[in-house]
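> My structure file coords-v3.tsv, TSV, C-alpha atoms, is below:
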chain	number	residue	atom	x	y	z
A	1	MET	CA	42.73	-8.19	36.57
A	2	LEU	CA	43.46	-5.54	39.20
A	3	ARG	CA	44.36	-8.27	41.67
A	4	LYS	CA	46.92	-9.70	39.21
A	5	LEU	CA	48.55	-6.30	38.71
A	6	GLN	CA	48.87	-5.84	42.47
A	7	ILE	CA	50.50	-9.26	42.84
A	8	GLY	CA	52.93	-8.45	39.99
A	9	ALA	CA	53.86	-5.15	41.61
A	10	ALA	CA	54.49	-6.92	44.90
A	11	VAL	CA	56.75	-9.51	43.27
A	12	PHE	CA	58.73	-6.83	41.40
A	13	ALA	CA	59.12	-4.78	44.56
A	14	ALA	CA	60.32	-7.83	46.49
A	15	ALA	CA	62.91	-8.56	43.80
A	16	ALA	CA	64.10	-4.96	44.01
A	17	GLY	CA	64.36	-5.15	47.79
A	18	THR	CA	61.44	-2.77	48.51
A	19	ALA	CA	57.92	-3.25	49.65
A	20	PRO	CA	54.90	-2.06	47.68
A	21	GLY	CA	54.23	1.60	48.26
A	22	GLN	CA	57.79	2.32	49.42
A	23	ASP	CA	60.32	4.35	47.48
A	24	ALA	CA	63.07	2.47	45.68
A	25	ASP	CA	66.63	2.66	46.94
A	26	PRO	CA	68.26	5.84	45.50
A	27	ALA	CA	71.53	3.94	44.96
A	28	LEU	CA	69.75	1.36	42.80
A	29	GLU	CA	68.06	4.11	40.83
A	30	GLY	CA	71.43	5.75	40.25
A	31	VAL	CA	72.90	2.50	38.94
A	32	ALA	CA	69.92	1.99	36.66
A	33	ASP	CA	70.20	5.53	35.32
A	34	ALA	CA	73.95	5.11	34.71
A	35	ALA	CA	73.37	1.83	32.91
A	36	GLY	CA	70.69	3.40	30.78
A	37	ASP	CA	72.88	6.34	29.86
A	38	THR	CA	75.87	4.16	28.88
A	39	ASP	CA	76.10	3.47	25.16
A	40	LEU	CA	78.66	1.77	22.96
A	41	TRP	CA	80.55	4.98	22.20
A	42	GLN	CA	80.99	5.76	25.89
A	43	VAL	CA	82.26	2.25	26.50
A	44	LEU	CA	84.82	2.62	23.70
A	45	VAL	CA	85.94	6.03	24.95
A	46	SER	CA	86.39	4.62	28.44
A	47	GLY	CA	89.14	2.40	27.03
A	48	GLY	CA	91.49	5.35	26.83
A	49	PRO	CA	94.09	6.24	24.17
A	50	VAL	CA	94.88	2.58	23.47
A	51	MET	CA	91.55	2.36	21.63
A	52	ILE	CA	92.98	4.53	18.82
A	53	PRO	CA	95.49	1.94	17.51
A	54	LEU	CA	92.89	-0.77	18.09
A	55	ALA	CA	90.41	1.16	15.95
A	56	ALA	CA	93.06	1.53	13.23
A	57	LEU	CA	93.77	-2.21	13.32
A	58	SER	CA	90.07	-3.00	13.04
A	59	VAL	CA	89.70	-0.76	9.96
A	60	ILE	CA	92.76	-2.33	8.32
A	61	ALA	CA	91.47	-5.83	9.07
A	62	VAL	CA	88.08	-5.10	7.50
A	63	MET	CA	89.71	-3.58	4.42
A	64	LEU	CA	92.02	-6.58	3.98
A	65	ILE	CA	89.14	-9.03	4.32
A	66	ILE	CA	87.14	-7.20	1.64
A	67	ILE	CA	90.16	-7.01	-0.70
A	68	TYR	CA	91.06	-10.68	-0.25
A	69	PHE	CA	87.46	-11.76	-0.75
A	70	PHE	CA	87.50	-10.34	-4.27
A	71	SER	CA	91.17	-10.77	-5.23
A	72	LEU	CA	91.83	-14.31	-3.99
A	73	ARG	CA	89.80	-16.14	-6.60
A	74	ARG	CA	90.61	-18.79	-9.15
A	75	GLY	CA	90.40	-16.40	-12.10
A	76	ALA	CA	93.27	-14.38	-10.64
A	77	VAL	CA	95.50	-17.47	-10.57
A	78	VAL	CA	94.35	-19.72	-13.42
A	79	SER	CA	92.17	-18.39	-16.23
A	80	GLY	CA	90.29	-20.82	-18.43
A	81	ARG	CA	90.56	-18.47	-21.38
A	82	TYR	CA	94.33	-18.25	-21.03
A	83	MET	CA	94.69	-22.01	-20.62
A	84	ARG	CA	92.80	-22.68	-23.86
A	85	SER	CA	94.93	-20.17	-25.77
A	86	ALA	CA	98.16	-21.49	-24.24
A	87	GLU	CA	97.37	-25.11	-25.05
A	88	ALA	CA	96.51	-24.26	-28.67
A	89	MET	CA	99.72	-22.28	-29.20
A	90	LEU	CA	101.92	-24.89	-27.54
A	91	ARG	CA	100.53	-27.58	-29.83
A	92	LYS	CA	101.45	-25.40	-32.79
A	93	GLY	CA	104.85	-24.52	-31.33
A	94	ASP	CA	104.03	-20.80	-31.42
A	95	TYR	CA	106.12	-19.81	-28.42
A	96	TYR	CA	106.44	-16.16	-29.36
A	97	GLY	CA	102.69	-15.91	-29.81
A	98	LEU	CA	102.20	-17.49	-26.38
A	99	LEU	CA	104.69	-15.03	-24.93
A	100	ALA	CA	102.67	-12.16	-26.35
A	101	VAL	CA	99.44	-13.62	-24.95
A	102	SER	CA	101.09	-14.16	-21.55
A	103	ASN	CA	102.12	-10.52	-21.47
A	104	ARG	CA	98.48	-9.49	-21.87
A	105	HIS	CA	97.26	-11.61	-18.95
A	106	SER	CA	97.91	-10.90	-15.27
A	107	ASN	CA	96.98	-14.23	-13.70
A	108	SER	CA	99.66	-16.24	-11.94
A	109	VAL	CA	99.98	-19.07	-14.48
A	110	ALA	CA	100.49	-16.49	-17.23
A	111	ARG	CA	103.31	-14.94	-15.21
A	112	VAL	CA	104.95	-18.33	-14.81
A	113	MET	CA	104.77	-19.01	-18.54
A	114	ARG	CA	105.92	-15.49	-19.36
A	115	ARG	CA	109.07	-15.91	-17.27
A	116	THR	CA	109.70	-19.37	-18.75
A	117	LEU	CA	109.18	-18.32	-22.36
A	118	ASP	CA	111.19	-15.15	-21.85
A	119	PHE	CA	114.12	-17.31	-20.71
A	120	LEU	CA	113.74	-19.67	-23.66
A	121	THR	CA	113.52	-16.89	-26.25
A	122	LYS	CA	116.61	-15.15	-24.86
A	123	ASN	CA	118.50	-18.46	-24.69
A	124	PRO	CA	117.57	-20.45	-27.82
A	125	GLY	CA	119.90	-23.29	-26.92
A	126	SER	CA	118.25	-23.98	-23.57
A	127	THR	CA	116.91	-27.41	-22.72
A	128	LEU	CA	113.48	-28.40	-21.45
A	129	THR	CA	115.00	-29.24	-18.05
A	130	GLU	CA	116.17	-25.67	-17.67
A	131	ALA	CA	112.74	-24.44	-18.72
A	132	ARG	CA	111.14	-26.60	-16.02
A	133	GLU	CA	113.50	-25.16	-13.40
A	134	ILE	CA	112.55	-21.63	-14.41
A	135	ALA	CA	108.85	-22.52	-14.24
A	136	GLU	CA	109.23	-24.14	-10.81
A	137	THR	CA	111.14	-21.15	-9.45
A	138	GLU	CA	108.58	-18.66	-10.73
A	139	GLY	CA	105.71	-20.83	-9.51
A	140	THR	CA	107.25	-20.91	-6.03
A	141	ARG	CA	107.56	-17.14	-6.11
A	142	GLN	CA	103.91	-16.72	-7.11
A	143	ALA	CA	102.82	-19.11	-4.34
A	144	SER	CA	104.90	-17.20	-1.80
A	145	GLY	CA	103.26	-13.98	-2.91
A	146	LEU	CA	99.80	-15.44	-2.32
A	147	ASN	CA	100.78	-16.66	1.14
A	148	GLN	CA	102.41	-13.35	1.99
A	149	GLN	CA	99.19	-11.44	1.30
A	150	ILE	CA	97.16	-13.19	3.98
A	151	VAL	CA	99.93	-13.09	6.58
A	152	TYR	CA	98.89	-9.52	7.36
A	153	LEU	CA	95.63	-10.83	8.82
A	154	ALA	CA	97.58	-13.18	11.08
A	155	ASP	CA	99.76	-10.26	12.17
A	156	ILE	CA	96.69	-8.21	13.09
A	157	GLY	CA	95.24	-11.20	14.92
A	158	THR	CA	98.42	-11.35	17.00
A	159	ILE	CA	99.04	-7.63	17.51
A	160	ALA	CA	95.49	-6.59	18.45
A	161	PRO	CA	95.27	-8.72	21.65
A	162	MET	CA	98.75	-7.55	22.63
A	163	VAL	CA	97.71	-3.92	22.25
A	164	GLY	CA	94.59	-4.69	24.30
A	165	LEU	CA	96.80	-6.28	26.96
A	166	PHE	CA	98.91	-3.13	27.01
A	167	GLY	CA	95.75	-1.11	27.65
A	168	THR	CA	94.88	-3.55	30.44
A	169	VAL	CA	98.23	-2.93	32.10
A	170	LEU	CA	97.73	0.83	31.84
A	171	GLY	CA	94.27	0.52	33.39
A	172	MET	CA	95.55	-1.56	36.29
A	173	ILE	CA	98.40	0.89	36.86
A	174	LYS	CA	95.81	3.65	37.00
A	175	SER	CA	93.74	1.72	39.55
A	176	PHE	CA	96.69	0.89	41.81
A	177	SER	CA	97.86	4.50	41.62
A	178	VAL	CA	94.52	5.50	43.17
A	179	LEU	CA	95.06	2.99	45.97
A	180	ALA	CA	98.61	4.21	46.52
A	181	HIS	CA	97.50	7.82	46.94
A	182	ASP	CA	94.37	6.98	48.92
A	183	ALA	CA	94.88	4.05	51.28
A	184	ALA	CA	91.37	4.45	52.70
A	185	ALA	CA	89.96	3.89	49.19
A	186	THR	CA	87.61	6.86	49.51
A	187	ARG	CA	87.55	7.27	45.74
A	188	PRO	CA	86.05	4.03	44.46
A	189	MET	CA	84.87	5.67	41.23
A	190	LEU	CA	88.47	6.41	40.23
A	191	LEU	CA	89.42	2.84	41.06
A	192	ALA	CA	86.53	1.49	39.00
A	193	ASP	CA	87.51	3.74	36.09
A	194	GLY	CA	90.93	2.10	35.80
A	195	VAL	CA	89.47	-1.39	36.03
A	196	SER	CA	86.89	-0.50	33.40
A	197	GLN	CA	89.62	0.75	31.06
A	198	ALA	CA	91.53	-2.49	31.56
A	199	LEU	CA	88.50	-4.65	30.74
A	200	VAL	CA	87.42	-2.59	27.74
A	201	THR	CA	90.83	-2.68	26.05
A	202	THR	CA	91.14	-6.41	26.64
A	203	ALA	CA	87.71	-7.04	25.16
A	204	ALA	CA	88.42	-4.76	22.19
A	205	GLY	CA	91.71	-6.49	21.44
A	206	LEU	CA	90.04	-9.90	21.48
A	207	MET	CA	87.11	-8.68	19.38
A	208	ILE	CA	89.59	-7.62	16.69
A	209	GLY	CA	92.03	-10.49	17.02
A	210	ILE	CA	89.55	-13.38	16.96
A	211	PRO	CA	87.79	-12.39	13.68
A	212	ALA	CA	91.16	-11.57	12.10
A	213	MET	CA	92.52	-15.03	12.91
A	214	ALA	CA	89.28	-16.65	11.74
A	215	ALA	CA	89.51	-14.76	8.44
A	216	TYR	CA	93.17	-15.76	8.13
A	217	ALA	CA	92.26	-19.43	8.57
A	218	PHE	CA	89.54	-19.10	5.93
A	219	PHE	CA	91.75	-17.37	3.35
A	220	ARG	CA	94.66	-19.70	4.10
A	221	GLY	CA	92.51	-22.61	2.98
A	222	ARG	CA	91.51	-20.70	-0.14
A	223	VAL	CA	95.13	-19.84	-0.93
A	224	GLN	CA	96.20	-23.46	-0.59
A	225	GLY	CA	93.53	-24.42	-3.10
A	226	LEU	CA	94.69	-21.69	-5.49
A	227	ILE	CA	98.30	-22.82	-5.19
A	228	ALA	CA	97.24	-26.38	-6.01
A	229	ASP	CA	95.40	-25.07	-9.11
A	230	LEU	CA	98.49	-23.11	-10.12
A	231	GLU	CA	100.73	-26.15	-9.78
A	232	ALA	CA	98.34	-28.32	-11.79
A	233	ALA	CA	98.00	-25.73	-14.59
A	234	THR	CA	101.74	-25.10	-14.78
A	235	THR	CA	102.52	-28.82	-14.86
A	236	GLN	CA	100.00	-29.30	-17.64
A	237	LEU	CA	101.46	-26.53	-19.79
A	238	ILE	CA	105.07	-27.56	-19.21
A	239	ALA	CA	104.22	-31.17	-20.06
A	240	LEU	CA	102.50	-30.03	-23.24
A	241	MET	CA	105.53	-27.92	-24.06
A	242	GLY	CA	107.79	-30.94	-23.52
A	243	ALA	CA	105.71	-33.02	-25.93
A	244	HIS	CA	106.33	-30.50	-28.75
A	245	PHE	CA	109.63	-28.97	-27.68
A	246	LYS	CA	112.76	-29.31	-29.80
A	247	PRO	CA	116.13	-27.89	-28.74
A	248	GLY	CA	117.05	-24.86	-30.79
A	249	SER	CA	113.47	-24.30	-31.92
A	250	MET	CA	113.18	-20.96	-30.11
A	251	ARG	CA	114.06	-18.71	-33.01
A	252	PRO	CA	112.57	-15.27	-33.59
A	253	PRO	CA	109.78	-15.25	-36.19
A	254	GLU	CA	110.83	-14.18	-39.66
A	255	ASP	CA	109.58	-10.83	-40.90
Translate this structure into structure tokens?

Amino acid sequence: MLRKLQIGAAVFAAAAGTAPGQDADPALEGVADAAGDTDLWQVLVSGGPVMIPLAALSVIAVMLIIIYFFSLRRGAVVSGRYMRSAEAMLRKGDYYGLLAVSNRHSNSVARVMRRTLDFLTKNPGSTLTEAREIAETEGTRQASGLNQQIVYLADIGTIAPMVGLFGTVLGMIKSFSVLAHDAAATRPMLLADGVSQALVTTAAGLMIGIPAMAAYAFFRGRVQGLIADLEAATTQLIALMGAHFKPGSMRPPED
């Protein structure tokens, strides 16, 4: 057992460039100590002032991802409860009752029907073709609103690497300034500090931009599915309205 330990010590010493029983190189010990003392916070601080906007972008991106995860769901666009109520009232021709129900719901299909029914009640002589145009216009607006929400993630995914690149340029300027003032390069630590800042900001920008773009791609697929559900639900309700619609039937209920 003792023989094995001696052999292991000899191999380790050979890998470190020293012989057994000799002292290790002080320079290597200094590098090891510096590496051991470096933590994540020190690495982030070494990025310089550019890390502040990058940190803000990362916080915003995380908040948006959490918000979209809970808000971009089918219930926020098409509610089964609302669809059942709307279909029952359309079969009975109770447009004012459906308008009241639509006002109590906040999902997208309810907003489309609310705008359509509001137009029909204010213009009793309107035709079904005009009602369809109102529904299509409002549906397009609701779809644009869903797409506009997730665009912020794409913006962060684009801006964060650019901010990191700006920090890279600042770090390289800092390094070349050292060379300009000291042609003999007697201050390698100052030169390395600028290069380190450049690399840290680049890495930070990519670490924020890549997840933001990945989240944007994920939510974009979800939004497209929600828009398809909205179009299907709106088409179903408008078709049901057309089956029971009569021009001039939008009269206020008698007291």
> Please indicate the distance in Å from CA of Gly171 (chain A) to CA of Ala198 (chain A), rounded to one decimal place.
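Interatomic distance, CA of Gly171 (chain A) to CA of Ala198 (chain A): 4.5 Å.
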> Find the distance between CA of Ile66 (chain A) and CA of Thr201 (chain A) and write it in Å to one decimal.
25.1 Å
> Counting all atoms listed in the file, which residues of region 79-111 of chain A fall within 8 Å of region 115-121 of chain A, and what is the closest atom pair for each with its distance in Å at one decimal, ordered by chain and rising number, as a tab-separated table?

residue	atom	partner	partner_atom	distance
A:Tyr95	CA	A:Leu117	CA	7.0
A:Tyr96	CA	A:Thr121	CA	7.8
A:Leu99	CA	A:Leu117	CA	6.1
A:Arg111	CA	A:Arg115	CA	6.2
> Between A:Ile60, A:Ala143, A:Leu98, A:Ala76, which has the minimum distance to Glu231 (chain A) (counting all atoms listed in the file)?
A:Ala143
> I need the residue nearest Ala212 (chain A) from this list: A:Val112, A:Ala86, A:Ile156, A:Ala233. Use only C-alpha atoms for the distance.
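Checking each of A:Val112, A:Ala86, A:Ile156, A:Ala233 against Ala212 (chain A), counting only C-alpha atoms, the winner is A:Ile156.
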> Using all atoms listed in the file, pick whichever of A:His244, A:Lys122, A:Arg141, A:Arg222 has the shortest atom-to-atom distance to Val109 (chain A).
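Smallest distance to Val109 (chain A) is found for A:Arg141.
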> Could you jot down the CA of Gly75 (chain A) to CA of Ala110 (chain A) separation for me, Å, one decimal place?
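These atoms are spaced 11.3 Å apart.
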> Using all atoms listed in the file for the distances, tell me which of A:Ser177, A:Ser196, A:Thr158, A:Gln148 is nearest to Ile210 (chain A).
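Counting all atoms listed in the file, the residue closest to Ile210 (chain A) is A:Thr158.
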> As a PDB file with C-alpha atoms, in the coordinates of the input, please: the residues near Asn147 (chain A) (cut-off 10 Å, all atoms listed in the file, same-chain neighbours under 5 positions excluded).

ATOM      1  CA  ARG A 141     107.560 -17.140  -6.110  1.00  0.00           C
ATOM      2  CA  GLN A 142     103.910 -16.720  -7.110  1.00  0.00           C
ATOM      3  CA  TYR A 152      98.890  -9.520   7.360  1.00  0.00           C
ATOM      4  CA  PHE A 219      91.750 -17.370   3.350  1.00  0.00           C
ATOM      5  CA  ARG A 220      94.660 -19.700   4.100  1.00  0.00           C
ATOM      6  CA  VAL A 223      95.130 -19.840  -0.930  1.00  0.00           C
ATOM      7  CA  GLN A 224      96.200 -23.460  -0.590  1.00  0.00           C
ATOM      8  CA  ILE A 227      98.300 -22.820  -5.190  1.00  0.00           C
TER       9      ILE A 227
END
> I'd like to know which of A:Gly145, A:Gly164, A:Gly80, A:Gly157 is closest to Ala214 (chain A), using all atoms listed in the file.
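Result for the nearest residue to Ala214 (chain A): A:Gly157.
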